[in-house]
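Below: input35.csv (CSV, C-alpha atoms and all ligand atoms)
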chain,number,residue,atom,x,y,z
A,111,MET,CA,103.1,124.7,115.4
A,112,SER,CA,101.2,121.4,115.4
A,113,ASP,CA,98.5,120.8,118.0
A,114,GLU,CA,97.4,117.2,118.4
A,115,ARG,CA,94.0,118.3,119.7
A,116,LYS,CA,93.2,120.0,116.4
A,117,ARG,CA,91.7,118.2,113.5
A,118,THR,CA,94.5,117.7,111.0
A,119,PHE,CA,94.1,117.9,107.2
A,120,ALA,CA,96.7,117.9,104.4
A,121,VAL,CA,96.2,120.5,101.7
A,122,ALA,CA,98.3,120.3,98.5
A,123,VAL,CA,98.5,123.2,96.0
A,124,THR,CA,99.7,122.2,92.5
A,125,GLY,CA,100.2,124.1,89.3
A,126,ALA,CA,96.7,124.3,87.9
A,127,SER,CA,95.1,127.7,87.5
A,128,GLY,CA,92.9,128.8,90.4
A,129,ALA,CA,95.3,129.7,93.2
A,130,ILE,CA,92.4,131.6,94.9
A,131,TYR,CA,90.6,128.3,95.4
A,132,ALA,CA,93.6,127.2,97.5
A,133,THR,CA,93.9,130.3,99.6
A,134,ARG,CA,90.2,130.4,100.3
A,135,THR,CA,90.1,126.8,101.3
A,136,ILE,CA,93.2,127.1,103.5
A,137,ALA,CA,91.8,130.2,105.2
A,138,ALA,CA,88.4,128.5,105.8
A,139,LEU,CA,90.0,125.5,107.4
A,140,LEU,CA,92.3,127.6,109.6
A,141,ALA,CA,89.4,129.7,110.7
A,142,ARG,CA,87.7,126.5,111.9
A,143,GLY,CA,90.7,125.9,114.1
A,144,CYS,CA,92.2,123.0,112.0
A,145,HIS,CA,95.9,122.1,111.8
A,146,LEU,CA,97.0,121.9,108.2
A,147,GLU,CA,99.9,120.1,106.6
A,148,LEU,CA,100.6,122.2,103.5
A,149,ILE,CA,102.5,121.1,100.4
A,150,PHE,CA,103.2,123.4,97.5
A,151,THR,CA,104.6,121.9,94.3
A,152,ASP,CA,107.0,124.0,92.4
A,153,PHE,CA,104.3,125.0,89.9
A,154,GLY,CA,101.9,125.5,92.8
A,155,LYS,CA,104.2,128.1,94.2
A,156,ARG,CA,104.5,129.7,90.8
A,157,LEU,CA,100.7,129.9,90.4
A,158,LEU,CA,100.3,131.5,93.8
A,159,HIS,CA,102.9,134.1,92.8
A,160,ASP,CA,101.5,134.7,89.3
A,161,GLU,CA,97.8,134.7,90.1
A,162,ILE,CA,97.9,136.4,93.5
A,163,GLY,CA,101.3,138.0,94.0
A,164,PRO,CA,104.5,137.7,96.1
A,165,GLU,CA,102.5,138.4,99.3
A,166,ALA,CA,101.0,134.9,99.0
A,167,SER,CA,104.3,133.0,99.3
A,168,ALA,CA,104.4,130.1,101.6
A,169,ASP,CA,106.7,131.7,104.2
A,170,ARG,CA,104.3,134.7,104.7
A,171,LEU,CA,101.1,132.8,104.3
A,172,PHE,CA,99.5,133.5,107.7
A,173,ASP,CA,99.9,137.3,107.3
A,174,PHE,CA,98.5,137.2,103.8
A,175,LEU,CA,95.5,135.1,104.7
A,176,ALA,CA,94.8,137.2,107.8
A,177,ALA,CA,94.9,140.4,105.7
A,178,ARG,CA,92.7,139.0,103.0
A,179,TYR,CA,90.3,136.8,104.9
A,180,GLY,CA,90.4,138.1,108.4
A,181,GLU,CA,92.2,137.5,111.7
A,182,ALA,CA,90.0,134.4,112.4
A,183,VAL,CA,92.5,132.4,110.4
A,184,ARG,CA,94.8,132.6,113.4
A,185,ALA,CA,92.5,130.1,115.2
A,186,GLY,CA,94.3,127.4,113.2
A,187,SER,CA,97.9,126.4,112.6
A,188,TYR,CA,99.9,124.9,109.8
A,189,ALA,CA,103.2,123.4,108.8
A,190,VAL,CA,104.7,123.5,105.3
A,191,PHE,CA,106.4,120.3,104.0
A,192,SER,CA,108.6,120.0,101.0
A,193,ASN,CA,107.1,118.1,98.1
A,194,ARG,CA,110.4,116.3,97.9
A,195,ASP,CA,110.3,115.1,101.5
A,196,LEU,CA,109.0,111.5,101.1
A,197,GLY,CA,109.9,111.0,104.8
A,198,ALA,CA,107.4,113.6,106.0
A,199,PRO,CA,104.7,112.3,108.4
A,200,LEU,CA,102.0,112.4,105.6
A,201,ALA,CA,104.0,109.7,103.7
A,202,SER,CA,103.0,107.1,106.3
A,203,GLY,CA,99.6,105.6,106.9
A,204,SER,CA,100.4,105.5,110.6
A,205,HIS,CA,100.3,109.3,110.7
A,206,GLY,CA,96.9,110.7,111.9
A,207,CYS,CA,96.1,113.1,109.1
A,208,GLU,CA,92.4,112.5,108.6
A,209,ALA,CA,91.9,113.7,105.0
A,210,MET,CA,93.7,115.4,102.1
A,211,VAL,CA,92.7,118.0,99.6
A,212,VAL,CA,94.6,118.8,96.4
A,213,VAL,CA,93.4,122.2,95.3
A,214,PRO,CA,93.9,123.1,92.5
A,215,CYS,CA,94.9,119.7,91.1
A,216,SER,CA,97.0,119.8,87.9
A,217,MET,CA,96.5,117.1,85.2
A,218,LYS,CA,100.0,116.0,85.9
A,219,THR,CA,99.4,115.4,89.6
A,220,LEU,CA,96.0,113.9,88.8
A,221,ALA,CA,97.8,111.4,86.5
A,222,GLY,CA,100.3,110.6,89.2
A,223,VAL,CA,97.5,109.9,91.8
A,224,ALA,CA,95.4,107.9,89.3
A,225,HIS,CA,98.4,105.6,88.7
A,226,GLY,CA,99.6,105.4,92.3
A,227,LEU,CA,103.1,106.7,91.4
A,228,SER,CA,104.0,108.2,94.8
A,229,ARG,CA,106.9,110.1,93.2
A,230,SER,CA,106.4,113.2,95.5
A,231,LEU,CA,104.9,113.9,98.9
A,232,VAL,CA,101.7,115.1,97.2
A,233,GLU,CA,101.4,111.9,95.2
A,234,ARG,CA,102.4,109.7,98.2
A,235,GLY,CA,100.0,111.5,100.6
A,236,ALA,CA,97.2,111.0,98.1
A,237,ASP,CA,98.1,107.3,97.8
A,238,VAL,CA,98.1,107.0,101.6
A,239,MET,CA,94.6,108.5,101.8
A,240,LEU,CA,93.4,106.0,99.2
A,241,LYS,CA,95.0,102.9,100.8
A,242,GLU,CA,93.9,103.9,104.3
A,243,ARG,CA,90.3,104.7,103.0
A,244,ARG,CA,90.5,108.2,104.2
A,245,PRO,CA,88.9,111.1,102.3
A,246,LEU,CA,90.9,112.4,99.3
A,247,VAL,CA,89.4,115.5,97.6
A,248,LEU,CA,90.8,116.3,94.2
A,249,VAL,CA,90.0,119.7,92.6
A,250,PRO,CA,91.2,119.3,89.0
A,251,ARG,CA,91.2,122.3,86.6
A,252,GLU,CA,91.7,122.0,82.9
A,253,THR,CA,89.6,122.6,79.8
A,254,PRO,CA,89.0,121.0,77.4
A,255,MET,CA,90.1,117.6,78.7
A,256,SER,CA,91.8,114.9,76.8
A,257,LEU,CA,90.7,111.3,77.0
A,258,PRO,CA,93.6,110.3,79.3
A,259,GLN,CA,92.7,113.2,81.6
A,260,LEU,CA,89.1,112.1,81.7
A,261,ARG,CA,90.2,108.5,82.3
A,262,ASN,CA,92.5,109.6,85.1
A,263,MET,CA,89.6,111.2,86.9
A,264,VAL,CA,87.6,108.0,86.6
A,265,LEU,CA,90.5,106.0,88.0
A,266,CYS,CA,90.8,108.3,91.0
A,267,ALA,CA,87.0,108.1,91.6
A,268,GLU,CA,87.1,104.3,91.3
A,269,ALA,CA,89.9,104.3,93.9
A,270,GLY,CA,87.8,106.2,96.3
A,271,ALA,CA,88.7,109.9,95.7
A,272,ILE,CA,86.1,112.6,95.6
A,273,VAL,CA,86.7,114.3,92.3
A,274,MET,CA,85.5,117.8,92.5
A,275,PRO,CA,86.4,119.8,89.4
A,276,ALA,CA,86.8,123.5,89.9
A,277,MET,CA,83.4,124.4,88.5
A,278,PRO,CA,81.8,127.1,90.7
A,279,ALA,CA,78.1,127.5,90.3
A,280,PHE,CA,76.2,130.7,89.5
A,281,TYR,CA,72.8,130.1,91.0
A,282,GLN,CA,73.9,131.7,94.3
A,283,GLY,CA,74.4,135.0,92.5
A,284,PRO,CA,78.2,135.5,92.8
A,285,ARG,CA,79.3,139.2,92.5
A,286,SER,CA,83.0,138.7,92.7
A,287,LEU,CA,85.8,136.3,92.2
A,288,ASP,CA,85.9,135.7,95.9
A,289,ASP,CA,82.2,134.6,95.8
A,290,LEU,CA,83.2,132.0,93.2
A,291,ALA,CA,86.2,130.9,95.4
A,292,ASP,CA,83.9,130.7,98.4
A,293,PHE,CA,81.7,128.3,96.6
A,294,MET,CA,84.5,125.9,95.8
A,295,ALA,CA,85.9,126.2,99.3
A,296,GLY,CA,82.5,125.5,100.8
A,297,LYS,CA,82.1,122.4,98.6
A,298,ILE,CA,85.5,121.2,99.8
A,299,LEU,CA,84.6,121.7,103.5
A,300,ALA,CA,81.3,120.0,103.0
A,301,ALA,CA,83.1,117.0,101.5
A,302,LEU,CA,85.3,116.9,104.6
A,303,GLY,CA,82.2,116.9,106.8
A,304,LEU,CA,82.9,120.4,108.1
A,305,PRO,CA,80.0,122.9,108.6
A,306,HIS,CA,80.5,126.2,106.8
A,307,ASP,CA,78.6,129.4,105.7
A,308,LEU,CA,80.7,130.0,102.6
A,309,TYR,CA,77.6,130.0,100.3
A,310,PRO,CA,73.9,130.0,101.1
A,311,PRO,CA,72.2,126.6,100.9
A,312,TRP,CA,69.9,126.2,97.9
A,313,LYS,CA,66.3,126.6,99.1
A,314,GLY,CA,64.5,125.7,95.8
A,401,LIG,C1,100.3,129.9,84.4
A,401,LIG,C2,100.1,128.4,84.3
A,401,LIG,C3,98.9,127.9,84.3
A,401,LIG,C4,98.6,126.5,84.3
A,401,LIG,N1,97.4,126.0,84.4
A,401,LIG,C5,97.1,124.7,84.4
A,401,LIG,C6,95.8,124.2,84.6
A,401,LIG,O1,94.9,125.0,84.7
A,401,LIG,N2,95.7,122.9,84.6
A,401,LIG,C7,96.7,122.0,84.5
A,401,LIG,O2,96.5,120.8,84.6
A,401,LIG,N3,98.0,122.5,84.3
A,401,LIG,C8,98.2,123.8,84.3
A,401,LIG,N4,99.5,124.3,84.1
A,401,LIG,C9,100.6,123.3,83.8
A,401,LIG,C10,101.1,122.7,85.1
A,401,LIG,O3,101.5,123.7,86.0
A,401,LIG,C11,102.3,121.7,84.8
A,401,LIG,O4,101.8,120.6,84.1
A,401,LIG,C12,103.1,121.3,85.9
A,401,LIG,O5,104.1,120.4,85.5
A,401,LIG,C13,102.2,120.7,87.0
A,401,LIG,O6,103.1,120.2,88.0
A,401,LIG,P1,102.6,119.9,89.5
A,401,LIG,O7,101.4,119.0,89.4
A,401,LIG,O8,103.7,119.3,90.2
A,401,LIG,O9,102.2,121.2,90.1
A,401,LIG,C14,99.7,125.6,84.2
A,401,LIG,C15,101.0,126.1,84.2
A,401,LIG,C16,101.2,127.5,84.2
A,401,LIG,C17,102.6,128.0,84.2

Let me see the structure of the file written as structure tokens.
Amino acid sequence: MSDERKRTFAVAVTGASGAIYATRTIAALLARGCHLELIFTDFGKRLLHDEIGPEASADRLFDFLAARYGEAVRAGSYAVFSNRDLGAPLASGSHGCEAMVVVPCSMKTLAGVAHGLSRSLVERGADVMLKERRPLVLVPRETPMSLPQLRNMVLCAEAGAIVMPAMPAFYQGPRSLDDLADFMAGKILAALGLPHDLYPPWKG
């Protein structure tokens, strides 16, 4: 259920490897009491299923996140929108969603955003963020990258997006996959201007 007093962010999950980055980011935003507008592409749903399991499906997300990351996630709220619904609130600049994250971001969706195609709600929402000069955080994952993929990242950065490849660091001494996901989620929250304790700050 939406709550207008809550800070509202859009989070899109597309079909690049790294579903754990998405679940950790969504859980961290919910635990901070945010309202989320969630969009899962068809391949985003498949990645959640294949990399995490059927328990991570969109219709059972709250229970999965609470079990995995703690009951604090219930401080937030979310609504799920179809990627085919180009009439959803996020498709309009008049809607008060303050920023959008695409995590993980496939090369296909990256290309669509880079070229302003707006063929789906994910692409249109990203386009709205860019035209309204609101934060758009893209978390692409692919390796190696082709020249068109590299150029698409540059196009997105030139248009104002924050391009944040899924490249967790190791200087904080990660011991688990969750530690690596925490690092990426922390970077995303920092880009949105949200305080977090997902990784210890570097002290030199
Ligand atoms: C198991 C699996 C892993 C994939 N990993 C990646 C990836 O890491 N990066 C990427 O750009 N595409 C990856 N793909 C391909 C995308 O899912 C595919 O291009 C899809 O059309 C993306 O559509 P979407 O952006 O609408 O989710 C993967 C596909 C599968 C099935």

For Ala132 (chain A), the closest of A:Gly296, A:Gly203, A:Pro254, A:Gly180 counting only C-alpha atoms is A:Gly296

Per residue of chain A within 8 Å of ligand LIG 401 (chain A), which atom pair is closest and at what distance in Å (one decimal), using only C-alpha atoms and all ligand atoms, listed by chain and increasing number, as JSON lines?
{"residue": "A:Val123", "atom": "CA", "partner": "A:LIG401", "partner_atom": "O9", "distance": 7.2}
{"residue": "A:Thr124", "atom": "CA", "partner": "A:LIG401", "partner_atom": "O9", "distance": 3.6}
{"residue": "A:Gly125", "atom": "CA", "partner": "A:LIG401", "partner_atom": "O3", "distance": 3.6}
{"residue": "A:Ala126", "atom": "CA", "partner": "A:LIG401", "partner_atom": "C6", "distance": 3.4}
{"residue": "A:Ser127", "atom": "CA", "partner": "A:LIG401", "partner_atom": "O1", "distance": 3.9}
{"residue": "A:Gly128", "atom": "CA", "partner": "A:LIG401", "partner_atom": "O1", "distance": 7.1}
{"residue": "A:Phe150", "atom": "CA", "partner": "A:LIG401", "partner_atom": "O9", "distance": 7.8}
{"residue": "A:Thr151", "atom": "CA", "partner": "A:LIG401", "partner_atom": "O9", "distance": 4.9}
{"residue": "A:Asp152", "atom": "CA", "partner": "A:LIG401", "partner_atom": "O9", "distance": 6.0}
{"residue": "A:Phe153", "atom": "CA", "partner": "A:LIG401", "partner_atom": "O9", "distance": 4.3}
{"residue": "A:Gly154", "atom": "CA", "partner": "A:LIG401", "partner_atom": "O9", "distance": 5.1}
{"residue": "A:Arg156", "atom": "CA", "partner": "A:LIG401", "partner_atom": "C17", "distance": 7.1}
{"residue": "A:Leu157", "atom": "CA", "partner": "A:LIG401", "partner_atom": "C1", "distance": 6.0}
{"residue": "A:Asp160", "atom": "CA", "partner": "A:LIG401", "partner_atom": "C1", "distance": 7.0}
{"residue": "A:Glu161", "atom": "CA", "partner": "A:LIG401", "partner_atom": "C1", "distance": 7.9}
{"residue": "A:Cys215", "atom": "CA", "partner": "A:LIG401", "partner_atom": "O7", "distance": 6.8}
{"residue": "A:Ser216", "atom": "CA", "partner": "A:LIG401", "partner_atom": "O2", "distance": 3.5}
{"residue": "A:Met217", "atom": "CA", "partner": "A:LIG401", "partner_atom": "O2", "distance": 3.7}
{"residue": "A:Lys218", "atom": "CA", "partner": "A:LIG401", "partner_atom": "O7", "distance": 4.8}
{"residue": "A:Thr219", "atom": "CA", "partner": "A:LIG401", "partner_atom": "O7", "distance": 4.1}
{"residue": "A:Leu220", "atom": "CA", "partner": "A:LIG401", "partner_atom": "O7", "distance": 7.5}
{"residue": "A:Pro250", "atom": "CA", "partner": "A:LIG401", "partner_atom": "O2", "distance": 7.0}
{"residue": "A:Arg251", "atom": "CA", "partner": "A:LIG401", "partner_atom": "O1", "distance": 5.0}
{"residue": "A:Glu252", "atom": "CA", "partner": "A:LIG401", "partner_atom": "N2", "distance": 4.4}
{"residue": "A:Thr253", "atom": "CA", "partner": "A:LIG401", "partner_atom": "O1", "distance": 7.6}

Practice task
In the coordinates of the file, take the point (87.4, 118.8, 91.6) and a cut-off of 9 Å; then, counting all atoms listed in the file, name each qualifying protein, DNA or RNA residue as a list in words.
Solution key: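 Answer for this query, in the requested form: Val212, Val213, Pro214, Cys215, Val247, Leu248, Val249, Pro250, Arg251, Ile272, Val273, Met274, Pro275, Ala276, Met277, Met294 and Ile298 of chain A.
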
Env of Gly206 (chain A): 12 Å cut, atoms = all atoms listed in the file, seq-sep filter 4 positions within chain, self excluded. Answer as an mmCIF file with C-alpha atoms, in the frame of the given file.
data_model
loop_
_atom_site.group_PDB
_atom_site.id
_atom_site.type_symbol
_atom_site.label_atom_id
_atom_site.label_comp_id
_atom_site.auth_asym_id
_atom_site.auth_seq_id
_atom_site.Cartn_x
_atom_site.Cartn_y
_atom_site.Cartn_z
ATOM 1 C CA ASP A 113 98.500 120.800 118.000
ATOM 2 C CA GLU A 114 97.400 117.200 118.400
ATOM 3 C CA ARG A 115 94.000 118.300 119.700
ATOM 4 C CA LYS A 116 93.200 120.000 116.400
ATOM 5 C CA ARG A 117 91.700 118.200 113.500
ATOM 6 C CA THR A 118 94.500 117.700 111.000
ATOM 7 C CA PHE A 119 94.100 117.900 107.200
ATOM 8 C CA ALA A 120 96.700 117.900 104.400
ATOM 9 C CA HIS A 145 95.900 122.100 111.800
ATOM 10 C CA LEU A 146 97.000 121.900 108.200
ATOM 11 C CA GLU A 147 99.900 120.100 106.600
ATOM 12 C CA PRO A 199 104.700 112.300 108.400
ATOM 13 C CA LEU A 200 102.000 112.400 105.600
ATOM 14 C CA ALA A 201 104.000 109.700 103.700
ATOM 15 C CA SER A 202 103.000 107.100 106.300
ATOM 16 C CA MET A 210 93.700 115.400 102.100
ATOM 17 C CA GLY A 235 100.000 111.500 100.600
ATOM 18 C CA VAL A 238 98.100 107.000 101.600
ATOM 19 C CA MET A 239 94.600 108.500 101.800
ATOM 20 C CA GLU A 242 93.900 103.900 104.300
ATOM 21 C CA ARG A 244 90.500 108.200 104.200
#

As a CSV table (one decimal) with C-alpha atoms, in the coordinates of the input, please: the residues near Asp292 (chain A) (cut-off 10 Å, all atoms listed in the file, same-chain neighbours under 5 positions excluded).
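Wrote it out as selection15.csv, contents follow:
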chain,number,residue,atom,x,y,z
A,130,ILE,CA,92.4,131.6,94.9
A,131,TYR,CA,90.6,128.3,95.4
A,134,ARG,CA,90.2,130.4,100.3
A,135,THR,CA,90.1,126.8,101.3
A,138,ALA,CA,88.4,128.5,105.8
A,278,PRO,CA,81.8,127.1,90.7
A,284,PRO,CA,78.2,135.5,92.8
A,286,SER,CA,83.0,138.7,92.7
A,287,LEU,CA,85.8,136.3,92.2
A,297,LYS,CA,82.1,122.4,98.6
A,298,ILE,CA,85.5,121.2,99.8
A,307,ASP,CA,78.6,129.4,105.7
A,308,LEU,CA,80.7,130.0,102.6
A,309,TYR,CA,77.6,130.0,100.3

What does the distance from CA of Gly283 (chain A) to CA of Leu139 (chain A) come to in Å, to one decimal?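 Rounded to one decimal, the two atoms are 23.6 Å apart.
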
Next on the checklist: What's around Val232 (chain A) at 8 Å? Count only C-alpha atoms, leave out sequence neighbours fewer than 4 positions away in its own chain, and write the answer as a VMD selection string.
Outcome noted: chain A and resid 122 149 151 193 219 228 236

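CA of Ala271 (chain A) sits 12.9 Å away from CA of Glu233 (chain A).
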
* Asked: Which of these, A:Asn262, A:Cys144, A:Ser230, A:Gln282, has the shortest distance to Cys207 (chain A) once you count only C-alpha atoms?
  ->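 Of A:Asn262, A:Cys144, A:Ser230, A:Gln282, the one nearest Cys207 (chain A) is A:Cys144, counting only C-alpha atoms.
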
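CA of Ala137 (chain A) is positioned 11.2 Å from CA of Val121 (chain A).
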
Judged by only C-alpha atoms, the minimum distance to Gly226 (chain A) among A:Ala269, A:Leu299, A:Leu304, A:Leu175 is found for A:Ala269

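Between Ala224 (chain A) and the residues A:Gly197, A:Gly186, A:Pro305, A:Gly270, the shortest atom-to-atom distance, using only C-alpha atoms, involves A:Gly270.
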
* To do: Point out the residue among A:Leu302, A:Leu290, A:Pro311, A:Cys266 with the least atom-to-atom distance to Pro245 (chain A), counting all atoms listed in the file.
  =>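 Selected residue with least distance to Pro245 (chain A): A:Leu302.
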